[in-house]
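Notes to accompany the following structure.
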Amino acid sequence: MGWWQIDADALAKSRFVVSPLAETIAALKALDHPAAGDPGERLWLGAHLPRYRARLARDPVDALLVRAALGATWNADFLTPTPLGEGEQSFEEELAVVRDADPAAAVADLAVSLGGPVPEPLRYATDLPERMAAVLTWVWQETVLPTWPRRRRIMEADVVARTARLSQGGWAAALDELCPGKMRWLGDGRLQVNARAYPPRSVEGGLLLFVPVTPNRGWVSWEGSERFAIVYPCSGTLAEPEAPKVPDALGTLLGAARAGVLVRLESPKSTSQLVALTGQGFGSVGRHLKVLLDARLVRRRRSGRSVLYYWTDAGEALVRAQA
């Protein structure tokens, strides 16, 4: 397994960062390896996948470049630069790092992501960074930018939920929940970042960044010994393309915010997911869930490290009666 050695200073300096480029790279990964896990992402893929495939079909070199850069176990480093962590940058500012990458270094990065020789059309190309920047620009403009305000709200809500979890359970609990099954706190300052047999890496003295994205994709990156990033999928992600309508009578009975939590529990959801989907604070969602539990309108059960909430028969009957 791959793990990082993290000291107390690195944790103390760590921060969450919203990155338009990381969101676009995650969208590219979702388009190139479609495996939608929820209805919202399936809807998004249905809208954009045909045009993405047509875009690559028009330029076989671009298609080969994307497949090579998105390796089976590693992304080409020039594709996934580590954010600066000095305030949010625009997509164009972040993209400049990809576009300005050294072409020879990009070819070397492809050899790593491929785990073998780089195909000849790419091996001697001098415009690979520019080509990749053009692909990312298309993905940003066509598939991410139209819904960027909503995506940003989901990411910001997720950061609020993670920060609350950190204050309640400490770093071990917060880090264990970033990428369940892949990332976990091992103790003694060691964080498992993936299940691959990569050599350990020291984060001591560096800046550790946590970068949420809405597609269900994640990766790690670093810039020398200075900056390290963990890109992780948000709770909620693209699971809700449109918020369910809260019936007026139900909103009057329970209050609009509490009713908004209840109507989303047709399928089980965690507190963090509800925070991301409703835009309400972690504490507010928790209070609403307690009232709904006490009223026996919802139940809860544990699933792995998460606690999921869902309708009881009474809760379902109440929501259905107002629909």
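In the structure tokens, the first chain shown is A, the next is B, and so on; residue numbers restart at 1 for each chain, and ligands run from 1 in the order shown.
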Report task. Would you mind writing down, as a PyMOL selection string, each residue of region 69-206 of chain A that DSSP on the backbone assigns to helix (DSSP H, G or I)? Result -> chain A and resi 69+77-79+91-99+103-114+120-123+128-176
Check: Using the chain letters and numbers from this document, which residues of region 82-240 of chain A does DSSP assign to strand (DSSP E), as a PyMOL selection string?
Finding: chain A and resi 184-187+190-194+201-202+207-213+219-223+227-233
Practice problem: Excluding Asp100 (chain A) and residues on its chain fewer than 3 positions from it, collect all residues at most 8 Å away from it, counting only C-alpha atoms, and give them as a VMD selection string. | Solution: chain A and resid 96 to 97 129 to 130
* **From A:Arg287, A:Glu142, A:Ala22, A:Trp185, residue lying nearest Pro233 (chain A) [only C-alpha atoms]** =>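 Counting only C-alpha atoms, the residue closest to Pro233 (chain A) is A:Ala22.
Counting only C-alpha atoms, the residue from A:Gly71, A:Pro199, A:Gly187, A:Gly2 that sits nearest to Ser113 (chain A) is A:Gly71.
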Once you count only C-alpha atoms, what closest atom pair and distance in Å to one decimal does each residue of region 18-120 of chain A within 10 Å of region 152-158 of chain A have, with rows by chain and rising residue number, as a Markdown table?
```
| residue | atom | partner | partner_atom | distance |
| --- | --- | --- | --- | --- |
| A:Val18 | CA | A:Met155 | CA | 7.2 |
| A:Ser19 | CA | A:Arg152 | CA | 9.3 |
| A:Pro20 | CA | A:Arg152 | CA | 8.8 |
| A:Glu23 | CA | A:Arg152 | CA | 9.5 |
```
Write to file, as a PDB file, in the first residue's frame, the residues of the selection just made, with all heavy atoms.
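Full text of again-v3.pdb as output:
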```
ATOM      1  N   VAL A  18     -10.831  24.471  -3.075  1.00  0.00           N
ATOM      2  CA  VAL A  18     -11.715  24.213  -4.216  1.00  0.00           C
ATOM      3  C   VAL A  18     -10.933  24.510  -5.489  1.00  0.00           C
ATOM      4  O   VAL A  18     -10.389  25.602  -5.652  1.00  0.00           O
ATOM      5  CB  VAL A  18     -12.982  25.078  -4.139  1.00  0.00           C
ATOM      6  CG1 VAL A  18     -13.803  24.949  -5.420  1.00  0.00           C
ATOM      7  CG2 VAL A  18     -13.822  24.677  -2.933  1.00  0.00           C
ATOM      8  N   SER A  19     -10.862  23.536  -6.385  1.00  0.00           N
ATOM      9  CA  SER A  19     -10.054  23.665  -7.598  1.00  0.00           C
ATOM     10  C   SER A  19     -10.896  23.402  -8.838  1.00  0.00           C
ATOM     11  O   SER A  19     -11.305  22.257  -9.081  1.00  0.00           O
ATOM     12  CB  SER A  19      -8.881  22.674  -7.550  1.00  0.00           C
ATOM     13  OG  SER A  19      -8.268  22.552  -8.821  1.00  0.00           O
ATOM     14  N   PRO A  20     -11.167  24.420  -9.661  1.00  0.00           N
ATOM     15  CA  PRO A  20     -11.885  24.175 -10.917  1.00  0.00           C
ATOM     16  C   PRO A  20     -11.158  23.179 -11.818  1.00  0.00           C
ATOM     17  O   PRO A  20     -11.804  22.379 -12.505  1.00  0.00           O
ATOM     18  CB  PRO A  20     -11.954  25.567 -11.556  1.00  0.00           C
ATOM     19  CG  PRO A  20     -11.805  26.527 -10.421  1.00  0.00           C
ATOM     20  CD  PRO A  20     -10.894  25.856  -9.446  1.00  0.00           C
ATOM     21  N   GLU A  23     -11.751  19.622 -10.546  1.00  0.00           N
ATOM     22  CA  GLU A  23     -13.113  19.217 -10.907  1.00  0.00           C
ATOM     23  C   GLU A  23     -13.190  18.813 -12.376  1.00  0.00           C
ATOM     24  O   GLU A  23     -13.848  17.826 -12.737  1.00  0.00           O
ATOM     25  CB  GLU A  23     -14.077  20.368 -10.621  1.00  0.00           C
ATOM     26  CG  GLU A  23     -15.529  20.091 -10.968  1.00  0.00           C
ATOM     27  CD  GLU A  23     -16.214  19.169  -9.974  1.00  0.00           C
ATOM     28  OE1 GLU A  23     -15.572  18.710  -9.015  1.00  0.00           O
ATOM     29  OE2 GLU A  23     -17.415  18.900 -10.169  1.00  0.00           O
TER      30      GLU A  23
END
```
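CA of Val203 (chain A) is positioned 15.7 Å from CA of Met183 (chain A).
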Separating CA of Val193 (chain A) from CA of Trp222 (chain A), to the nearest tenth of an Å, is a gap of 12.4 Å
Which residues, written as a tab-separated table (two decimals) with all heavy atoms, in the first residue's frame, have at least one atom at most 10 Å from Gln89 (chain A), with only C-alpha atoms counted and residues fewer than 3 positions away on the same chain left out?
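result-v1.tsv written:
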```tsv
chain	number	residue	atom	x	y	z
A	17	VAL	N	-9.17	23.08	-0.33
A	17	VAL	CA	-9.05	23.96	-1.50
A	17	VAL	C	-10.07	23.52	-2.56
A	17	VAL	O	-10.15	22.34	-2.89
A	17	VAL	CB	-7.63	23.89	-2.10
A	17	VAL	CG1	-7.55	24.72	-3.37
A	17	VAL	CG2	-6.60	24.38	-1.09
A	18	VAL	N	-10.83	24.47	-3.08
A	18	VAL	CA	-11.71	24.21	-4.22
A	18	VAL	C	-10.93	24.51	-5.49
A	18	VAL	O	-10.39	25.60	-5.65
A	18	VAL	CB	-12.98	25.08	-4.14
A	18	VAL	CG1	-13.80	24.95	-5.42
A	18	VAL	CG2	-13.82	24.68	-2.93
A	19	SER	N	-10.86	23.54	-6.39
A	19	SER	CA	-10.05	23.67	-7.60
A	19	SER	C	-10.90	23.40	-8.84
A	19	SER	O	-11.30	22.26	-9.08
A	19	SER	CB	-8.88	22.67	-7.55
A	19	SER	OG	-8.27	22.55	-8.82
A	20	PRO	N	-11.17	24.42	-9.66
A	20	PRO	CA	-11.88	24.18	-10.92
A	20	PRO	C	-11.16	23.18	-11.82
A	20	PRO	O	-11.80	22.38	-12.50
A	20	PRO	CB	-11.95	25.57	-11.56
A	20	PRO	CG	-11.80	26.53	-10.42
A	20	PRO	CD	-10.89	25.86	-9.45
A	21	LEU	N	-9.82	23.21	-11.82
A	21	LEU	CA	-9.08	22.27	-12.67
A	21	LEU	C	-9.24	20.84	-12.17
A	21	LEU	O	-9.46	19.92	-12.97
A	21	LEU	CB	-7.60	22.65	-12.72
A	21	LEU	CG	-6.71	21.70	-13.55
A	21	LEU	CD1	-7.15	21.69	-15.01
A	21	LEU	CD2	-5.24	22.11	-13.44
A	83	PRO	N	-2.46	21.90	-6.64
A	83	PRO	CA	-2.86	23.30	-6.45
A	83	PRO	C	-1.87	24.05	-5.57
A	83	PRO	O	-1.16	23.46	-4.75
A	83	PRO	CB	-4.23	23.18	-5.76
A	83	PRO	CG	-4.74	21.83	-6.15
A	83	PRO	CD	-3.53	20.96	-6.25
A	84	LEU	N	-1.86	25.37	-5.74
A	84	LEU	CA	-0.95	26.20	-4.95
A	84	LEU	C	-1.38	26.30	-3.50
A	84	LEU	O	-0.56	26.43	-2.60
A	84	LEU	CB	-0.86	27.60	-5.55
A	84	LEU	CG	-0.18	27.72	-6.91
A	84	LEU	CD1	-0.23	29.16	-7.40
A	84	LEU	CD2	1.27	27.24	-6.83
A	85	GLY	N	-2.70	26.26	-3.26
A	85	GLY	CA	-3.18	26.38	-1.89
A	85	GLY	C	-3.14	27.79	-1.35
A	85	GLY	O	-3.21	28.00	-0.14
A	86	GLU	N	-3.03	28.78	-2.23
A	86	GLU	CA	-2.95	30.19	-1.81
A	86	GLU	C	-4.18	30.95	-2.29
A	86	GLU	O	-4.10	31.93	-3.01
A	86	GLU	CB	-1.68	30.82	-2.40
A	86	GLU	CG	-0.39	30.16	-1.93
A	86	GLU	CD	0.83	30.70	-2.63
A	86	GLU	OE1	0.65	31.49	-3.58
A	86	GLU	OE2	1.94	30.33	-2.24
A	92	GLU	N	-8.58	29.07	-15.77
A	92	GLU	CA	-7.54	29.47	-16.72
A	92	GLU	C	-6.18	29.58	-16.03
A	92	GLU	O	-5.15	29.19	-16.60
A	92	GLU	CB	-7.91	30.80	-17.37
A	92	GLU	CG	-9.08	30.73	-18.34
A	92	GLU	CD	-10.43	30.58	-17.66
A	92	GLU	OE1	-10.51	30.87	-16.42
A	92	GLU	OE2	-11.40	30.18	-18.32
A	93	GLU	N	-6.15	30.11	-14.81
A	93	GLU	CA	-4.89	30.21	-14.08
A	93	GLU	C	-4.31	28.84	-13.78
A	93	GLU	O	-3.10	28.61	-13.92
A	93	GLU	CB	-5.09	30.99	-12.79
A	93	GLU	CG	-5.35	32.47	-13.00
A	93	GLU	CD	-5.75	33.18	-11.73
A	93	GLU	OE1	-6.43	32.56	-10.89
A	93	GLU	OE2	-5.39	34.37	-11.57
A	94	GLU	N	-5.16	27.92	-13.36
A	94	GLU	CA	-4.68	26.57	-13.06
A	94	GLU	C	-4.25	25.84	-14.34
A	94	GLU	O	-3.26	25.11	-14.35
A	94	GLU	CB	-5.76	25.77	-12.34
A	94	GLU	CG	-6.04	26.23	-10.93
A	94	GLU	CD	-6.95	25.25	-10.21
A	94	GLU	OE1	-8.12	25.11	-10.63
A	94	GLU	OE2	-6.49	24.63	-9.24
A	95	LEU	N	-5.02	26.04	-15.41
A	95	LEU	CA	-4.73	25.35	-16.66
A	95	LEU	C	-3.38	25.75	-17.23
A	95	LEU	O	-2.73	24.95	-17.91
A	95	LEU	CB	-5.83	25.63	-17.68
A	95	LEU	CG	-5.72	24.87	-19.01
A	95	LEU	CD1	-5.97	23.39	-18.78
A	95	LEU	CD2	-6.71	25.43	-20.03
```
Pick out the residues sitting within 12 Å of Gly315 (chain A), and hand them over as a list of chain:residue names; count only C-alpha atoms, and ignore anything fewer than 3 positions along from it in its own chain.
A:Leu250, A:Leu254, A:Ala259, A:Val261, A:Leu262, A:Val263, A:Arg264, A:Leu265, A:Glu266, A:Leu292, A:Leu293, A:Asp294, A:Ala295, A:Arg296, A:Leu297, A:Val298, A:Arg299, A:Tyr309, A:Tyr310, A:Trp311, A:Thr312, A:Leu318, A:Val319, A:Arg320, A:Ala321, A:Gln322
- Could you check which of A:Cys234, A:Val61, A:Glu120, A:Val139 is closest to Phe91 (chain A), using only C-alpha atoms?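 Using only C-alpha atoms, the shortest distance to Phe91 (chain A) belongs to A:Val139.
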With distances taken over only C-alpha atoms, the candidate from A:Leu253, A:Asp62, A:Ala314, A:Ser270 nearest Leu136 (chain A) is A:Asp62
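Put simply, CA of Val159 (chain A) is 23.3 Å away from CA of Arg300 (chain A).
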I'd like the contact shell of Ala68 (chain A) - 9 Å cut-off, only C-alpha atoms, skipping same-chain residues fewer than 5 positions apart - returned as a VMD selection string.
chain A and resid 63 75 to 76 110 to 111 113 to 114 118 to 119
Write the selection just made, keeping N, CA, C and O atoms, as a PDB file, in the first residue's frame?
```pdb
ATOM      1  N   ALA A  63      -7.170  11.449 -28.553  1.00  0.00           N
ATOM      2  CA  ALA A  63      -7.737  10.263 -27.921  1.00  0.00           C
ATOM      3  C   ALA A  63      -6.641   9.387 -27.332  1.00  0.00           C
ATOM      4  O   ALA A  63      -6.754   8.899 -26.192  1.00  0.00           O
ATOM      5  N   ASN A  75      -1.952   8.594 -12.861  1.00  0.00           N
ATOM      6  CA  ASN A  75      -2.174   9.653 -13.846  1.00  0.00           C
ATOM      7  C   ASN A  75      -0.835  10.273 -14.231  1.00  0.00           C
ATOM      8  O   ASN A  75       0.058  10.400 -13.387  1.00  0.00           O
ATOM      9  N   ALA A  76      -0.687  10.670 -15.482  1.00  0.00           N
ATOM     10  CA  ALA A  76       0.510  11.410 -15.891  1.00  0.00           C
ATOM     11  C   ALA A  76       0.618  12.678 -15.052  1.00  0.00           C
ATOM     12  O   ALA A  76      -0.345  13.439 -14.933  1.00  0.00           O
ATOM     13  N   LEU A 110       4.090  10.192 -19.369  1.00  0.00           N
ATOM     14  CA  LEU A 110       3.236   9.193 -20.029  1.00  0.00           C
ATOM     15  C   LEU A 110       3.836   7.801 -19.906  1.00  0.00           C
ATOM     16  O   LEU A 110       3.099   6.811 -19.749  1.00  0.00           O
ATOM     17  N   ALA A 111       5.155   7.684 -19.958  1.00  0.00           N
ATOM     18  CA  ALA A 111       5.799   6.383 -19.798  1.00  0.00           C
ATOM     19  C   ALA A 111       5.484   5.803 -18.426  1.00  0.00           C
ATOM     20  O   ALA A 111       5.271   4.587 -18.279  1.00  0.00           O
ATOM     21  N   SER A 113       2.722   6.640 -16.508  1.00  0.00           N
ATOM     22  CA  SER A 113       1.293   6.317 -16.416  1.00  0.00           C
ATOM     23  C   SER A 113       0.939   5.078 -17.231  1.00  0.00           C
ATOM     24  O   SER A 113       0.045   4.309 -16.853  1.00  0.00           O
ATOM     25  N   LEU A 114       1.653   4.868 -18.332  1.00  0.00           N
ATOM     26  CA  LEU A 114       1.421   3.667 -19.151  1.00  0.00           C
ATOM     27  C   LEU A 114       2.103   2.436 -18.577  1.00  0.00           C
ATOM     28  O   LEU A 114       1.696   1.304 -18.856  1.00  0.00           O
ATOM     29  N   VAL A 118       5.956   4.634 -24.678  1.00  0.00           N
ATOM     30  CA  VAL A 118       4.960   5.592 -25.153  1.00  0.00           C
ATOM     31  C   VAL A 118       4.728   5.350 -26.641  1.00  0.00           C
ATOM     32  O   VAL A 118       5.693   5.222 -27.417  1.00  0.00           O
ATOM     33  N   PRO A 119       3.488   5.256 -27.100  1.00  0.00           N
ATOM     34  CA  PRO A 119       3.215   5.013 -28.528  1.00  0.00           C
ATOM     35  C   PRO A 119       3.869   6.080 -29.403  1.00  0.00           C
ATOM     36  O   PRO A 119       3.975   7.250 -29.020  1.00  0.00           O
TER      37      PRO A 119
END
```
Leu178 (chain A) proximity check over A:Val213, A:Arg190, A:His48, A:Asp109, using only C-alpha atoms: winner is A:Val213
Counting only C-alpha atoms, the residue of A:Ile230, A:Val98, A:Val220, A:Leu65 that sits nearest Leu175 (chain A):
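Checking each candidate against Leu175 (chain A), we get A:Ile230 as the closest.
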